[in-house]
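One file, upload37.tsv, is given below (TSV, C-alpha atoms and all ligand atoms).
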chain	number	residue	atom	x	y	z
A	1	MET	CA	-1.85	-9.50	-18.94
A	2	ASN	CA	-2.02	-12.97	-20.49
A	3	LYS	CA	-0.51	-15.31	-17.93
A	4	ARG	CA	0.72	-17.92	-20.41
A	5	LYS	CA	2.44	-15.63	-22.87
A	6	PHE	CA	4.15	-13.46	-20.29
A	7	ASN	CA	7.74	-12.61	-21.17
A	8	PRO	CA	9.56	-10.88	-18.27
A	9	LYS	CA	12.52	-9.64	-20.33
A	10	LYS	CA	10.20	-7.99	-22.83
A	11	PHE	CA	8.13	-6.51	-20.01
A	12	ILE	CA	11.26	-5.04	-18.38
A	13	LYS	CA	12.46	-3.46	-21.60
A	14	GLU	CA	9.07	-1.95	-22.38
A	15	LYS	CA	8.50	-0.64	-18.85
A	16	ILE	CA	11.91	1.02	-18.67
A	17	GLU	CA	11.19	2.75	-21.97
A	18	GLU	CA	7.75	3.77	-20.77
A	19	LEU	CA	9.10	5.16	-17.48
A	20	LYS	CA	11.74	7.14	-19.37
A	21	ARG	CA	9.09	8.54	-21.66
A	22	LYS	CA	6.75	9.50	-18.82
A	23	ILE	CA	9.24	10.88	-16.30
A	24	LYS	CA	11.76	12.44	-18.69
A	25	ASP	CA	14.24	14.49	-16.66
A	26	LYS	CA	11.94	15.00	-13.67
A	27	LYS	CA	12.17	13.38	-10.25
A	28	ALA	CA	10.18	10.39	-9.02
A	29	LEU	CA	9.75	8.80	-5.64
A	30	VAL	CA	9.13	5.14	-5.03
A	31	ALA	CA	7.99	4.00	-1.59
A	32	VAL	CA	9.82	0.77	-0.89
A	33	SER	CA	8.20	-1.64	1.54
A	34	GLY	CA	10.50	-4.62	1.53
A	35	GLY	CA	8.16	-6.55	-0.73
A	36	VAL	CA	8.89	-7.83	-4.19
A	37	ASP	CA	6.47	-5.41	-5.90
A	38	SER	CA	8.05	-2.20	-4.70
A	39	ALA	CA	11.58	-3.60	-5.10
A	40	VAL	CA	10.82	-4.35	-8.76
A	41	CYS	CA	9.40	-0.85	-9.22
A	42	ALA	CA	12.51	0.67	-7.66
A	43	ILE	CA	14.86	-1.21	-9.97
A	44	LEU	CA	12.85	-0.51	-13.12
A	45	ALA	CA	12.74	3.18	-12.22
A	46	LYS	CA	16.43	3.26	-11.35
A	47	GLU	CA	17.23	1.80	-14.76
A	48	ALA	CA	14.96	4.37	-16.39
A	49	ILE	CA	15.84	7.61	-14.59
A	50	GLY	CA	18.99	6.93	-12.56
A	51	LYS	CA	19.74	9.52	-9.91
A	52	ASN	CA	16.38	11.21	-10.36
A	53	LEU	CA	14.82	8.34	-8.45
A	54	ILE	CA	14.30	8.71	-4.70
A	55	ALA	CA	13.74	5.34	-3.02
A	56	PHE	CA	11.94	6.02	0.20
A	57	PHE	CA	11.38	3.68	3.13
A	58	ILE	CA	8.99	4.44	5.96
A	59	ASP	CA	10.04	2.71	9.15
A	60	ASP	CA	6.68	2.42	10.88
A	61	GLY	CA	7.77	0.17	13.75
A	62	LEU	CA	5.48	-2.54	12.35
A	63	MET	CA	8.09	-4.41	10.33
A	64	ARG	CA	9.45	-7.84	10.93
A	65	GLU	CA	12.80	-8.37	12.59
A	66	LYS	CA	15.70	-6.76	10.65
A	67	GLU	CA	13.40	-6.01	7.70
A	68	ALA	CA	14.57	-2.46	7.07
A	69	GLU	CA	18.25	-3.47	7.18
A	70	GLN	CA	17.71	-6.34	4.78
A	71	VAL	CA	15.86	-4.29	2.18
A	72	SER	CA	18.39	-1.55	2.42
A	73	LYS	CA	21.25	-3.98	1.86
A	74	ILE	CA	19.66	-5.71	-1.14
A	75	LEU	CA	18.77	-2.47	-2.88
A	76	SER	CA	22.16	-0.92	-2.22
A	77	GLN	CA	23.66	-3.85	-4.12
A	78	LYS	CA	21.58	-2.63	-7.06
A	79	GLY	CA	22.89	0.90	-6.69
A	80	ILE	CA	19.83	2.19	-4.87
A	81	ASN	CA	20.31	4.03	-1.60
A	82	LEU	CA	17.24	4.14	0.59
A	83	GLU	CA	16.04	7.32	2.22
A	84	LEU	CA	14.88	5.94	5.54
A	85	TRP	CA	12.49	7.89	7.77
A	86	ASN	CA	11.74	6.51	11.20
A	87	VAL	CA	8.23	7.60	12.12
A	88	GLU	CA	7.19	4.72	14.36
A	89	GLU	CA	6.22	7.11	17.13
A	90	ASN	CA	3.52	8.61	14.86
A	91	PHE	CA	2.10	5.19	14.05
A	92	PHE	CA	1.93	4.01	17.67
A	93	GLU	CA	0.41	7.30	18.73
A	94	GLY	CA	-2.23	7.11	15.98
A	95	LEU	CA	-3.07	3.48	16.66
A	96	LYS	CA	-3.46	4.02	20.40
A	97	GLY	CA	-6.85	2.80	21.64
A	98	LYS	CA	-8.02	1.71	18.16
A	99	ILE	CA	-9.55	-1.76	18.02
A	100	ASP	CA	-11.82	-1.75	14.98
A	101	PRO	CA	-10.02	-3.39	12.01
A	102	GLU	CA	-11.11	-0.86	9.40
A	103	GLU	CA	-10.35	2.01	11.73
A	104	LYS	CA	-6.85	0.66	12.29
A	105	ARG	CA	-6.33	0.34	8.54
A	106	LYS	CA	-7.59	3.89	8.08
A	107	VAL	CA	-5.19	5.26	10.72
A	108	PHE	CA	-2.33	3.36	9.15
A	109	ARG	CA	-3.16	4.68	5.69
A	110	GLU	CA	-3.54	8.24	6.84
A	111	ILE	CA	-0.20	8.32	8.65
A	112	PHE	CA	1.47	6.46	5.81
A	113	TYR	CA	0.25	8.87	3.16
A	114	LYS	CA	0.86	11.90	5.36
A	115	THR	CA	4.47	10.80	5.69
A	116	LEU	CA	4.64	10.08	2.00
A	117	SER	CA	3.26	13.49	1.13
A	118	GLN	CA	5.84	15.11	3.42
A	119	ALA	CA	8.50	13.18	1.53
A	120	VAL	CA	7.02	14.20	-1.81
A	121	ARG	CA	7.31	17.84	-0.77
A	122	SER	CA	10.67	17.53	0.86
A	123	TYR	CA	12.28	15.81	-2.15
A	124	SER	CA	10.29	17.95	-4.66
A	125	VAL	CA	9.23	15.06	-6.85
A	126	ASP	CA	6.66	15.14	-9.65
A	127	PHE	CA	5.90	11.43	-9.84
A	128	LEU	CA	5.02	8.76	-7.31
A	129	ILE	CA	5.71	5.19	-8.38
A	130	GLN	CA	3.59	2.56	-6.68
A	131	GLY	CA	3.84	-1.21	-6.71
A	132	THR	CA	0.10	-1.79	-7.07
A	133	ILE	CA	-0.58	-5.14	-8.75
A	134	ALA	CA	-3.68	-6.51	-10.48
A	135	ALA	CA	-5.01	-8.39	-7.41
A	136	ASP	CA	-4.94	-5.17	-5.36
A	137	ILE	CA	-7.18	-3.46	-7.86
A	138	VAL	CA	-9.55	-6.42	-8.21
A	139	GLU	CA	-10.03	-6.72	-4.43
A	140	THR	CA	-10.57	-3.04	-3.89
A	141	GLN	CA	-13.08	-2.89	-6.75
A	142	LYS	CA	-14.94	-5.84	-5.29
A	143	GLY	CA	-15.15	-3.96	-2.00
A	144	ILE	CA	-13.59	-6.82	-0.04
A	145	LYS	CA	-11.37	-4.44	1.87
A	146	THR	CA	-10.04	-0.95	1.62
A	147	GLN	CA	-6.55	-2.22	2.27
A	148	HIS	CA	-4.91	-1.52	-0.96
A	149	ASN	CA	-3.02	1.35	-2.38
A	150	VAL	CA	-5.56	2.28	-5.04
A	151	LEU	CA	-5.39	5.93	-4.15
A	152	SER	CA	-8.56	7.18	-5.76
A	153	GLN	CA	-10.57	4.63	-3.80
A	154	ILE	CA	-9.21	5.63	-0.44
A	155	GLY	CA	-9.93	9.29	-0.82
A	156	ILE	CA	-6.48	10.54	-1.76
A	157	ASN	CA	-6.31	12.88	-4.67
A	158	PRO	CA	-2.77	12.90	-6.09
A	159	ILE	CA	-3.51	16.08	-8.00
A	160	TYR	CA	-3.83	17.82	-4.63
A	161	TYR	CA	-0.16	17.06	-4.13
A	162	GLY	CA	0.72	18.04	-7.69
A	163	LEU	CA	1.62	14.45	-8.31
A	164	THR	CA	1.24	11.94	-11.08
A	165	ILE	CA	0.96	8.33	-9.98
A	166	ILE	CA	2.68	5.65	-12.00
A	167	GLU	CA	1.82	2.00	-11.39
A	168	PRO	CA	4.13	-0.04	-13.61
A	169	LEU	CA	2.90	-3.42	-12.32
A	170	LYS	CA	-0.81	-2.84	-12.31
A	171	ASP	CA	-1.51	-5.44	-15.02
A	172	LEU	CA	0.60	-8.17	-13.44
A	173	TYR	CA	-0.27	-10.91	-11.00
A	174	LYS	CA	2.10	-11.87	-8.23
A	175	ASN	CA	3.68	-14.82	-10.04
A	176	GLN	CA	4.49	-12.56	-12.99
A	177	VAL	CA	6.04	-9.94	-10.70
A	178	ARG	CA	8.24	-12.71	-9.27
A	179	LEU	CA	9.39	-13.63	-12.80
A	180	VAL	CA	10.26	-9.99	-13.45
A	181	ALA	CA	12.15	-9.78	-10.13
A	182	LYS	CA	14.14	-12.87	-11.02
A	183	ALA	CA	14.92	-11.53	-14.48
A	184	LEU	CA	16.12	-8.28	-12.88
A	185	GLY	CA	18.65	-10.27	-10.88
A	186	LEU	CA	17.07	-9.80	-7.48
A	187	PRO	CA	18.04	-12.53	-4.99
A	188	LYS	CA	15.76	-15.51	-4.40
A	189	LYS	CA	14.74	-14.28	-0.97
A	190	VAL	CA	13.21	-11.27	-2.67
A	191	TYR	CA	11.57	-12.83	-5.71
A	192	ASN	CA	10.22	-15.74	-3.69
A	193	ARG	CA	9.31	-13.61	-0.73
A	194	LYS	CA	5.91	-14.39	0.62
A	195	PRO	CA	3.45	-11.48	0.57
A	196	PHE	CA	3.46	-9.28	3.64
A	197	PRO	CA	0.73	-6.67	4.06
A	198	GLY	CA	1.48	-2.95	3.92
A	199	PRO	CA	0.26	-2.27	7.47
A	200	GLY	CA	2.75	-4.90	8.56
A	201	LEU	CA	2.46	-6.61	11.91
A	202	ALA	CA	-0.54	-4.41	12.74
A	203	THR	CA	-2.64	-6.73	10.54
A	204	ARG	CA	-1.62	-9.65	12.71
A	205	ILE	CA	-2.91	-8.14	15.92
A	206	ILE	CA	-6.56	-8.25	16.85
A	207	GLY	CA	-7.43	-5.38	19.15
A	208	GLU	CA	-5.09	-2.58	20.14
A	209	VAL	CA	-1.68	-2.30	18.49
A	210	THR	CA	0.83	-1.42	21.20
A	211	ARG	CA	4.62	-1.69	21.19
A	212	ASP	CA	4.43	-4.59	23.59
A	213	ARG	CA	1.94	-6.52	21.46
A	214	VAL	CA	3.91	-5.79	18.27
A	215	GLU	CA	7.00	-7.18	19.97
A	216	LYS	CA	5.11	-10.39	20.79
A	217	ILE	CA	3.82	-10.89	17.28
A	218	ARG	CA	7.24	-10.02	15.85
A	219	LEU	CA	8.79	-12.83	17.89
A	220	ALA	CA	6.04	-15.28	16.91
A	221	THR	CA	6.37	-14.26	13.25
A	222	LYS	CA	10.08	-15.01	13.31
A	223	ILE	CA	9.36	-18.47	14.72
A	224	VAL	CA	6.63	-19.31	12.19
A	225	GLU	CA	8.73	-18.07	9.27
A	226	GLU	CA	11.79	-19.99	10.41
A	227	GLU	CA	9.82	-23.21	10.75
A	228	LEU	CA	7.80	-22.92	7.53
A	229	LYS	CA	9.91	-21.83	4.59
A	230	GLU	CA	8.46	-24.02	1.83
A	231	LYS	CA	7.80	-22.63	-1.58
A	232	GLU	CA	4.31	-24.12	-1.92
A	233	ILE	CA	3.16	-22.12	1.09
A	234	PHE	CA	1.74	-18.79	-0.02
A	235	GLN	CA	1.74	-17.23	3.44
A	236	ALA	CA	2.47	-18.45	6.96
A	237	PHE	CA	1.98	-16.20	9.96
A	238	PRO	CA	0.74	-15.96	13.53
A	239	VAL	CA	-2.07	-13.74	14.77
A	240	LEU	CA	-2.42	-12.37	18.27
A	241	PHE	CA	-5.95	-12.43	19.67
A	242	SER	CA	-7.39	-9.78	21.93
A	243	ASP	CA	-9.48	-12.15	24.07
A	244	ARG	CA	-7.68	-13.80	26.91
A	245	ALA	CA	-7.83	-17.44	27.90
A	246	THR	CA	-7.26	-19.23	31.15
A	247	GLY	CA	-3.92	-20.92	31.45
A	248	ILE	CA	-1.23	-21.78	33.93
A	249	ILE	CA	1.70	-19.41	34.26
A	250	GLU	CA	4.46	-20.24	36.73
A	251	GLY	CA	2.29	-22.94	38.32
A	252	LYS	CA	-0.70	-20.64	38.89
A	253	ARG	CA	-3.99	-20.18	37.12
A	254	ALA	CA	-3.64	-17.03	35.05
A	255	LEU	CA	-5.20	-15.27	32.10
A	256	GLY	CA	-2.93	-15.41	29.11
A	257	GLU	CA	-2.97	-14.55	25.43
A	258	MET	CA	-3.80	-16.66	22.39
A	259	ILE	CA	-2.02	-16.98	19.08
A	260	ALA	CA	-3.46	-18.57	15.95
A	261	ILE	CA	-1.21	-19.90	13.20
A	262	ARG	CA	-2.44	-19.36	9.66
A	263	VAL	CA	-0.75	-21.18	6.78
A	264	VAL	CA	-2.33	-21.01	3.34
A	265	LYS	CA	-1.66	-21.96	-0.23
A	266	SER	CA	-2.99	-19.71	-2.94
A	267	GLU	CA	-2.33	-18.70	-6.53
A	268	ASP	CA	-3.26	-15.07	-6.45
A	269	ALA	CA	-4.59	-14.32	-2.92
A	270	LEU	CA	-8.14	-14.16	-4.25
A	271	THR	CA	-8.89	-17.61	-2.85
A	272	ALA	CA	-6.84	-19.66	-0.40
A	273	GLU	CA	-6.75	-23.09	1.22
A	274	PRO	CA	-5.27	-24.02	4.58
A	275	VAL	CA	-2.10	-26.15	4.31
A	276	LYS	CA	-1.95	-29.53	6.04
A	277	ILE	CA	0.98	-29.25	8.42
A	278	SER	CA	2.25	-32.33	10.24
A	279	TRP	CA	1.54	-32.48	13.96
A	280	LYS	CA	5.26	-32.77	14.53
A	281	ARG	CA	5.89	-29.39	12.95
A	282	LEU	CA	2.90	-27.78	14.58
A	283	TYR	CA	4.12	-29.02	17.94
A	284	ARG	CA	7.54	-27.55	17.27
A	285	ILE	CA	6.02	-24.17	16.44
A	286	ARG	CA	3.73	-24.40	19.48
A	287	ASP	CA	6.65	-25.24	21.77
A	288	ARG	CA	8.76	-22.38	20.51
A	289	ILE	CA	5.93	-19.87	20.79
A	290	LEU	CA	5.08	-20.97	24.32
A	291	LYS	CA	8.72	-20.78	25.32
A	292	GLU	CA	9.88	-17.69	23.47
A	293	VAL	CA	6.84	-15.38	23.44
A	294	PRO	CA	5.89	-14.14	26.91
A	295	GLY	CA	2.35	-14.55	28.23
A	296	ILE	CA	0.94	-16.95	25.62
A	297	VAL	CA	-1.19	-19.80	26.98
A	298	LYS	CA	-2.86	-21.11	23.82
A	299	VAL	CA	-1.66	-21.79	20.28
A	300	LEU	CA	-4.35	-22.60	17.69
A	301	TYR	CA	-4.23	-23.71	14.05
A	302	ASP	CA	-6.60	-22.03	11.59
A	303	ILE	CA	-8.24	-24.39	9.06
A	304	THR	CA	-10.52	-21.97	7.21
A	305	PRO	CA	-10.36	-21.39	3.46
A	306	LYS	CA	-10.86	-18.06	1.68
A	307	PRO	CA	-13.76	-17.56	1.12
A	308	PRO	CA	-15.55	-17.32	3.48
A	309	SER	CA	-12.53	-16.24	5.51
A	310	THR	CA	-9.96	-13.76	4.26
A	311	ILE	CA	-6.27	-14.56	4.51
A	312	GLU	CA	-5.56	-11.95	7.16
A	313	TYR	CA	-7.65	-11.42	10.29
A	314	ILE	CA	-8.29	-7.71	10.09
A	401	LIG	P1	-6.99	-10.88	2.48
A	401	LIG	O1	-6.80	-10.80	3.97
A	401	LIG	O2	-7.80	-9.76	1.92
A	401	LIG	O3	-5.54	-10.72	1.88
A	401	LIG	O4	-7.49	-12.22	2.04
A	401	LIG	C1	-5.23	-10.91	0.52
A	401	LIG	C2	-3.77	-10.64	0.34
A	401	LIG	O5	-3.51	-9.25	0.55
A	401	LIG	C3	-2.61	-9.08	1.64
A	401	LIG	N1	-3.12	-7.94	2.39
A	401	LIG	C4	-2.63	-6.71	2.32
A	401	LIG	N2	-1.61	-6.23	1.60
A	401	LIG	N3	-2.01	-4.10	2.51
A	401	LIG	C5	-1.30	-4.93	1.72
A	401	LIG	O6	-0.35	-4.47	1.10
A	401	LIG	C6	-3.03	-4.51	3.25
A	401	LIG	O7	-3.66	-3.75	3.95
A	401	LIG	C7	-3.35	-5.89	3.15
A	401	LIG	N4	-4.31	-6.67	3.71
A	401	LIG	C8	-4.14	-7.91	3.22
A	401	LIG	C9	-2.66	-10.37	2.43
A	401	LIG	O8	-1.47	-10.57	3.18
A	401	LIG	C10	-2.88	-11.38	1.35
A	401	LIG	O9	-1.68	-11.73	0.69
As structure tokens, the full file:
Amino acid sequence: MNKRKFNPKKFIKEKIEELKRKIKDKKALVAVSGGVDSAVCAILAKEAIGKNLIAFFIDDGLMREKEAEQVSKILSQKGINLELWNVEENFFEGLKGKIDPEEKRKVFREIFYKTLSQAVRSYSVDFLIQGTIAADIVETQKGIKTQHNVLSQIGINPIYYGLTIIEPLKDLYKNQVRLVAKALGLPKKVYNRKPFPGPGLATRIIGEVTRDRVEKIRLATKIVEEELKEKEIFQAFPVLFSDRATGIIEGKRALGEMIAIRVVKSEDALTAEPVKISWKRLYRIRDRILKEVPGIVKVLYDITPKPPSTIEYI
């Protein structure tokens, strides 16, 4: 899709027509994640097929604070009622003892798609609408990570489920999806929402993902997001390390945990630069993390660009 000539209104009109043509009077399911991509897909599909759309939300226990409630509220204002399945127990069970990044991603994917396929069967849908965007496809093709929802590349055969996959946004880059979201009347907090990975807070935890560790990173995430809301920041998040460091807790030498803060600017997530944050702000974030997140004895700031680093840590 030509970035300069992109016309969101025209795109919306054409996609709605295309979805109508493809889905006809059958049922489709869209898995909503809270992100702008899936929200846009849900609204386009709702416009196209109305009540034949099932908007499905998997509560995996790896979301940020109040995320499920917020998505549900925003979409209900657009006439979309979410079907919410809480399967966090399955995710924590599956992730137990897993420390290898790719293995964790694999477990996440498998449970995610298992849940999705149960939903596909239980709602008897013929189509699955996914919010895959151009950068997802490029990165998966380049073999940088297997993170993305390009089904064929992660060993999922939709035909096995009797499904047809529709990816209405696959030619768009993130900034274009944001223009579409704005044109669809989604609120600013959705169309300007910073990207958040599918496996959620699990990608911000090095080592084992336990409820306790998720709770820590959820608290730290809230702090970082509250303190760094600027538009020019592409992503801002904390990461919990698995190694421990010596510190002083309640006046005594003790081993504690470490959190790194990663703040990057980027156009399309394919490359990224660290953002220069003032010491004053970094100190404020540090102080809040040390005070509000139990057991942390070190807060670090990550200054690496992508490449050679990636944006996330796992
Ligand atoms: P990396 O870490 O590969 O991230 O530089 C590039 C962009 O992709 C996001 N990301 C993910 N998004 N599922 C997603 O939906 C994932 O598994 C995943 N891993 C990374 C990341 O946040 C960044 O915006």
Do you know which residues lie at most 12 Å from (-1.0, 3.3, 16.6), with coordinates as in the file and only C-alpha atoms counted, and could you write them as a PyMOL selection string? chain A and resi 60-62+87-99+103-112+199+201-203+205+207-214
Env. residues ligand LIG 401 (chain A) / 10 Å / all atoms listed in the file / as JSON, numbers by chain: {"A": [33, 35, 37, 102, 104, 105, 106, 108, 109, 131, 132, 133, 135, 136, 139, 140, 144, 145, 146, 147, 148, 149, 174, 194, 195, 196, 197, 198, 199, 200, 202, 203, 204, 234, 235, 236, 237, 264, 266, 268, 269, 270, 271, 272, 305, 306, 307, 308, 309, 310, 311, 312, 313, 314]}
Nearest to Lys66 in chain A, restricted to all atoms listed in the file and choosing among A:Ile159, A:Ile12, A:Ile249, A:Leu219, comes out as A:Leu219
Quick one, how far is CA of Lys78 in chain A from CA of Lys231 in chain A?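 Calculated distance between CA of Lys78 in chain A and CA of Lys231 in chain A is 24.9 Å.
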Enter the distance from CA of Phe57 in chain A to CA of Arg121 in chain A, in Å, rounded to one decimal. 15.2 Å
Residues within 8 Å of (21.9, 2.2, -10.7), counting all atoms listed in the file, listed as a list of chain:residue names: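 Collected hits near the coordinates: A:Ile43, A:Lys46, A:Glu47, A:Gly50, A:Lys51, A:Lys78, A:Gly79, A:Ile80.
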Please provide as a list in words all residues within 12 Å of Glu230 in chain A, with the sequence filter that same-chain residues fewer than 3 positions apart are discarded (counting all atoms listed in the file).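 My reading of the contact set: Lys189, Asn192, Arg193, Lys194, Val224, Glu225, Glu226, Glu227, Ile233, Phe234, Gln235, Ala236, Val263, Val264, Lys265, Val275 and Ile277 of chain A.
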Work out how far CA of Gly162 in chain A is from CA of Asp25 in chain A, in Å to one decimal. 16.6 Å
